[in-house]
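Q: So that you have it, the file is data20.cif, and it contains mmCIF, C-alpha atoms and all ligand atoms:
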data_start
#
loop_
_atom_site.label_atom_id
_atom_site.label_comp_id
_atom_site.auth_asym_id
_atom_site.auth_seq_id
_atom_site.Cartn_x
_atom_site.Cartn_y
_atom_site.Cartn_z
CA MET Y 1 189.97 234.02 105.81
CA PHE Y 2 189.87 230.39 106.83
CA SER Y 3 191.33 228.09 104.19
CA ASP Y 4 189.63 225.21 105.96
CA LEU Y 5 185.97 225.98 106.63
CA ASN Y 6 185.79 223.12 109.14
CA GLN Y 7 188.11 225.14 111.36
CA LEU Y 8 185.83 228.15 111.09
CA PHE Y 9 182.78 226.07 111.96
CA GLU Y 10 184.54 224.64 115.02
CA ARG Y 11 185.26 228.17 116.23
CA LEU Y 12 181.71 229.28 115.57
CA ALA Y 13 180.37 226.28 117.49
CA ALA Y 14 182.46 227.41 120.48
CA SER Y 15 180.83 230.85 120.44
CA LYS Y 16 177.69 230.95 122.54
CA PHE Y 17 176.39 233.95 120.62
CA ARG Y 18 177.09 232.68 117.10
CA SER Y 19 175.84 229.17 117.79
CA SER Y 20 172.56 230.52 119.14
CA PHE Y 21 171.35 231.40 115.62
CA HIS Y 22 169.10 228.88 113.92
CA LEU Y 23 166.54 228.93 111.16
CA ARG Y 24 163.08 229.06 112.62
CA ARG Y 25 159.96 227.59 111.08
CA ARG Y 26 159.25 230.51 108.75
CA GLU Y 27 162.81 230.80 107.46
CA LEU Y 28 163.07 227.06 107.11
CA SER Y 29 159.90 226.74 105.07
CA TYR Y 30 161.00 229.69 102.92
CA PHE Y 31 164.32 227.94 102.38
CA LYS Y 32 162.60 224.69 101.37
CA GLU Y 33 160.22 226.53 99.08
CA LYS Y 34 163.01 228.37 97.21
CA GLY Y 35 165.83 225.84 97.34
CA LEU Y 36 169.52 226.43 98.04
CA ASP Y 37 170.44 227.75 94.57
CA THR Y 38 167.79 230.48 94.65
CA ILE Y 39 168.64 231.38 98.24
CA MET Y 40 172.28 231.77 97.17
CA GLU Y 41 171.18 234.07 94.31
CA HIS Y 42 169.44 236.18 96.96
CA ALA Y 43 172.60 236.08 99.07
CA LYS Y 44 174.63 237.54 96.20
CA ASP Y 45 172.17 240.42 95.78
CA LEU Y 46 171.70 241.07 99.49
CA LEU Y 47 175.40 241.03 100.34
CA GLN Y 48 176.45 243.24 97.42
CA THR Y 49 175.15 246.42 99.02
CA ARG Y 50 174.95 245.27 102.65
CA LEU Y 51 178.43 243.83 103.09
CA PHE Y 52 180.65 243.80 99.99
CA ALA Y 53 180.66 247.57 99.34
CA ALA Y 54 183.40 249.85 100.68
CA GLU Y 55 180.94 252.17 102.43
CA ILE Y 56 177.94 250.86 104.30
CA PRO Y 57 176.05 253.74 105.94
CA ASN Y 58 174.38 251.71 108.72
CA ASP Y 59 177.20 249.22 109.24
CA GLY Y 60 176.60 247.13 112.34
CA LYS Y 61 172.82 247.49 112.04
CA GLN Y 62 172.25 246.39 108.46
CA THR Y 63 171.43 242.75 109.05
CA PRO Y 64 168.01 241.90 110.50
CA MET Y 65 167.80 239.11 113.09
CA LYS Y 66 165.03 237.31 111.24
CA ASN Y 67 163.05 236.83 108.02
CA HIS Y 68 165.58 235.83 105.37
CA PRO Y 69 167.66 232.66 105.88
CA VAL Y 70 170.71 234.55 104.58
CA PHE Y 71 170.46 237.08 107.44
CA ILE Y 72 170.47 234.27 110.00
CA ALA Y 73 173.43 232.62 108.27
CA GLN Y 74 175.30 235.95 108.37
CA HIS Y 75 174.85 236.32 112.13
CA ALA Y 76 175.74 232.70 112.74
CA THR Y 77 178.99 233.00 110.79
CA GLY Y 78 180.31 236.45 111.75
CA CYS Y 79 179.42 237.85 108.32
CA CYS Y 80 176.76 240.27 109.59
CA CYS Y 81 178.72 243.52 109.36
CA ARG Y 82 182.17 244.75 108.46
CA SER Y 83 183.37 244.78 112.09
CA CYS Y 84 182.45 241.13 112.53
CA LEU Y 85 183.90 240.28 109.13
CA GLU Y 86 187.17 241.86 110.19
CA LYS Y 87 187.17 240.19 113.60
CA TRP Y 88 186.16 236.71 112.47
CA HIS Y 89 187.61 236.52 108.98
CA GLY Y 90 190.39 239.10 108.89
CA ILE Y 91 188.85 241.01 105.99
CA PRO Y 92 189.59 244.70 106.69
CA LYS Y 93 186.93 247.42 106.80
CA GLY Y 94 186.90 250.54 104.63
CA ARG Y 95 187.30 248.96 101.21
CA ALA Y 96 185.15 246.85 98.91
CA LEU Y 97 185.68 243.11 99.09
CA THR Y 98 187.75 241.52 96.32
CA ALA Y 99 186.10 238.94 94.06
CA GLU Y 100 187.92 236.21 95.98
CA GLU Y 101 186.68 237.52 99.34
CA GLN Y 102 183.13 237.75 98.02
CA GLN Y 103 183.30 234.12 96.90
CA TYR Y 104 184.66 233.16 100.32
CA VAL Y 105 181.81 234.89 102.21
CA LEU Y 106 179.24 233.30 99.92
CA ALA Y 107 180.85 229.89 100.48
CA VAL Y 108 180.68 230.41 104.26
CA VAL Y 109 177.00 231.41 104.12
CA ARG Y 110 176.22 228.46 101.83
CA GLN Y 111 178.07 226.01 104.06
CA TRP Y 112 176.18 227.21 107.14
CA LEU Y 113 172.82 226.86 105.38
CA VAL Y 114 173.69 223.32 104.26
CA ARG Y 115 174.79 222.30 107.77
CA GLU Y 116 171.84 223.98 109.44
CA THR Y 117 169.20 222.44 107.20
CA GLU Y 118 170.83 218.99 107.46
CA ASN Y 119 170.88 219.25 111.26
CA GLN Y 120 167.26 220.36 111.33
CA GLN Y 121 166.36 217.40 109.14
CA LYS Y 122 168.16 214.98 111.49
CA LEU Y 123 166.44 216.56 114.48
CA LYS Y 124 163.06 216.09 112.84
CA ILE Y 125 163.82 212.43 112.15
CA SER Y 126 165.01 211.76 115.69
CA ILE Y 127 161.90 213.45 117.15
CA ALA Y 128 159.69 211.39 114.81
CA ASN Y 129 161.55 208.22 115.84
CA SER Y 130 161.24 208.92 119.54
CA LYS Y 131 157.48 209.41 119.12
CA ASN Y 132 157.28 205.94 117.63
CA LEU Y 133 158.86 204.32 120.66
ZN ZN H 1 178.30 242.13 113.04
#
Write the structure described by the file as structure tokens, please.
A:
Amino acid sequence: MFSDLNQLFERLAASKFRSSFHLRRRELSYFKEKGLDTIMEHAKDLLQTRLFAAEIPNDGKQTPMKNHPVFIAQHATGCCCRSCLEKWHGIPKGRALTAEEQQYVLAVVRQWLVRETENQQKLKISIANSKNL
């Protein structure tokens, strides 16, 4: 686990694959409609059975590439399956996550969503500004 999430996000930015994930229009409007707190409630529910449990029958294939903002955040942060969680965050497979590890994963997902939606907002503003020129 990264004690400094900035370090994690630097590493993720250096990964072509991880940094290719972004919220698209549908996920973004869903995010705006629900708000971060509700999305994080969903994250807790979704991750409980899909990532936090000791045994995940379809591990490696359990996280869709679209639809829910949390799924996108998981791919973007190496929290999509237990192999990636082990590789990126050093949390071993084959056992349930501890409460502390669960909090950590949720914090990572939350941080990505905050950064992503802030970046998208900035992008929108700069596009709007350039149209005014
Ligand atoms: Zn994975």
Q: To check your reading of the model: which residues sit at most 12 Å from ligand ZN 1 (chain H) when counting all atoms listed in the file? Write the answer as a ChimeraX atom specification.
A: /Y:17-18,50-51,58-65,71-89,93
Q: Give me the residues within 10 Å of Gln111 in chain Y as number ranges by chain, counting all atoms listed in the file and dropping any in the same chain fewer than 3 places off.
A: Y: 5-6, 9, 73, 77, 105-108, 114-116
Q: When you draw a straight line from CA of Leu47 in chain Y to CA of Leu28 in chain Y, how long is it in Å?
A: 19.8 Å
Q: Grab the CA of Gln121 in chain Y to CA of Glu41 in chain Y distance for me, in Å with one decimal place.
A: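 Value for the CA of Gln121 in chain Y-CA of Glu41 in chain Y distance: 22.8 Å.
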Q: For CA of Phe52 in chain Y and CA of Asn119 in chain Y, determine how far apart the two atoms are, in Å to one decimal place.
A: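 Computed distance, CA of Phe52 in chain Y to CA of Asn119 in chain Y, equals 28.7 Å.
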Q: With distances taken over all atoms listed in the file, which residue among Y:Gln103, Y:Asp45, Y:Trp112, Y:Ile127 lies nearest Ala13 in chain Y?
A: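 Residue with the minimum atom-to-atom distance to Ala13 in chain Y: Y:Trp112.
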Q: Determine, counting all atoms listed in the file, which protein, DNA and RNA residues have an atom within 9 Å of an atom of Val70 in chain Y; residues of the same chain fewer than 2 positions away are not included. Present the result as a ChimeraX atom specification.
A: /Y:39-40,42-43,46,67-68,72-75,109-110,113
Q: Given the choices Y:Asp4, Y:Pro92, Y:Tyr104, Y:Arg24, which gets closest to Lys44 in chain Y if the distance is worked out from only C-alpha atoms?
A: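 Among the listed residues, Y:Tyr104 lies closest to Lys44 in chain Y.
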Q: Which one is closest to Leu36 in chain Y: Y:Pro69, Y:Lys122, Y:Leu97, Y:His22? Count only C-alpha atoms.
A: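 Distance minimum relative to Leu36 in chain Y lands on Y:Pro69.
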